[in-house]
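The block underneath contains the structure these notes are about, expressed in structure tokens.
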Amino acid sequence: MSSRGPLPFDPIARAAEIWAERIGPSTTMAAVTSVMRVQQILQSAVDNALRPHNLTFARYEALVLLTFSKRGSLPMRVMGDRLQLHPTSVTNIVDRLEQDGLVRRVPHPTDRRTTLVEITGEGRDQMQKATDAVNEIDFGLGGITERQTQQLTELLGKVRHAAGDF
């Protein structure tokens, strides 16, 4: 939504009508444009919920991943694989989390070449507060039922799978 308030019409539906008249079938264009716009809406909502906790979504995801691990620590390489991020991005995320006292780097107990990233108690606390904040706004995904949310996840999973995401 813009700062001027909502439009009196759906601009994507209007674009789809014009596309169909001038170019051809517009179903895919409308779907992709809608996904892109929803991504912007969700990103803004989640960013706003995480900002008071001094977290970005990427840093929040890293903290969640570490809390999901059995020992609260993972090798950076594994973090990159699970978060589907380039090693440089993982390094930047971990650097910032470490500066904020939310994680620490520790030597791997059996592999001297590997560094583990371990969540701190403060990191666990911050992750929980941030989780409460994003849950409070349903991660920004309003306007649909729980079943519709499940269906959306399934449909988007098919797209991700077809693209080789998993």
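Residue numbering restarts at 1 for every chain of the structure tokens, chains are lettered A, B, ... in their displayed order, and ligands are numbered from 1 as they appear.
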request  = Could you find all residues in chain A that DSSP calls helix (DSSP H, G or I) from the backbone, and write them as a ChimeraX atom specification?
outcome  = /A:11-22,27-53,57-68,76-83,87-99,121-136,138-140,146-162
inquiry  = Can you tell me which residues surround Ala49 (chain A) at a distance of at most 9 Å, considering only C-alpha atoms, apart from same-chain residues fewer than 6 positions away, and format the answer as a PyMOL selection string?
reply    = chain A and resi 130+133-134+136-137+139
task = Name the residues in contact with Asp100 (chain A) at a cut-off of 10 Å, using only C-alpha atoms, excluding same-chain residues fewer than 3 positions from it; report them as a ChimeraX atom specification.
result = /A:54-55,94-97,103-104,122-123
task = Find the residues around region 6-19 of chain A up to 12 Å (only C-alpha atoms counted), leave out those fewer than 3 positions away in its own chain, and share them as number ranges by chain.
result = A: 1-3, 22-38
ask   = For Gly101 (chain A), which of A:Leu63, A:Met79, A:Leu156, A:Leu85 is the closest residue, counting only C-alpha atoms?
value =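 Residue with the minimum atom-to-atom distance to Gly101 (chain A): A:Leu63.
Counting only C-alpha atoms, the residue from A:Pro87, A:Pro75, A:Gly140, A:Gly80 that sits nearest to Gln39 (chain A) is A:Gly140.
CA of Gln99 (chain A) lies 24.1 Å from CA of Gln43 (chain A).
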task = If you run DSSP over the backbone, which residues in region 75-127 of chain A end up strand (DSSP E or B)? Put them as an NGL selection string.
result = :A and (75 or 103-107 or 115-119)
ask   = If we count only C-alpha atoms, what is near Gly121 (chain A) at a cut-off of 9 Å, once residues fewer than 3 positions away on the same chain are taken out, given as a count of residues only?
value = 5
Nearby residues (only C-alpha atoms) at most 10 Å from Lys129 (chain A), same-chain spacing under 6 positions excluded, as a VMD selection string = chain A and resid 50 52 to 53 123 135
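The residue that comes closest to Gly142 (chain A), out of A:Ala163, A:Ala45, A:Thr67, A:Ile119 and on the basis of only C-alpha atoms, is A:Ala45.
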request  = Considering only C-alpha atoms, return as a PyMOL selection string whatever protein or nucleic-acid residues lie within 7 Å of region 58-62 of chain A, sequence-local ones (same chain, fewer than 4 positions apart) excluded.
outcome  = chain A and resi 66+93+97+127
task = Report the distance between CA of Lys70 (chain A) and CA of His86 (chain A) in Å, rounded to one decimal place.
result =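 So the two atoms, CA of Lys70 (chain A) and CA of His86 (chain A), lie 23.4 Å apart.
Of the listed residues (A:Leu141, A:Thr149, A:Gln128, A:Phe166), A:Leu141 comes nearest to Ile41 (chain A); the distances count only C-alpha atoms.
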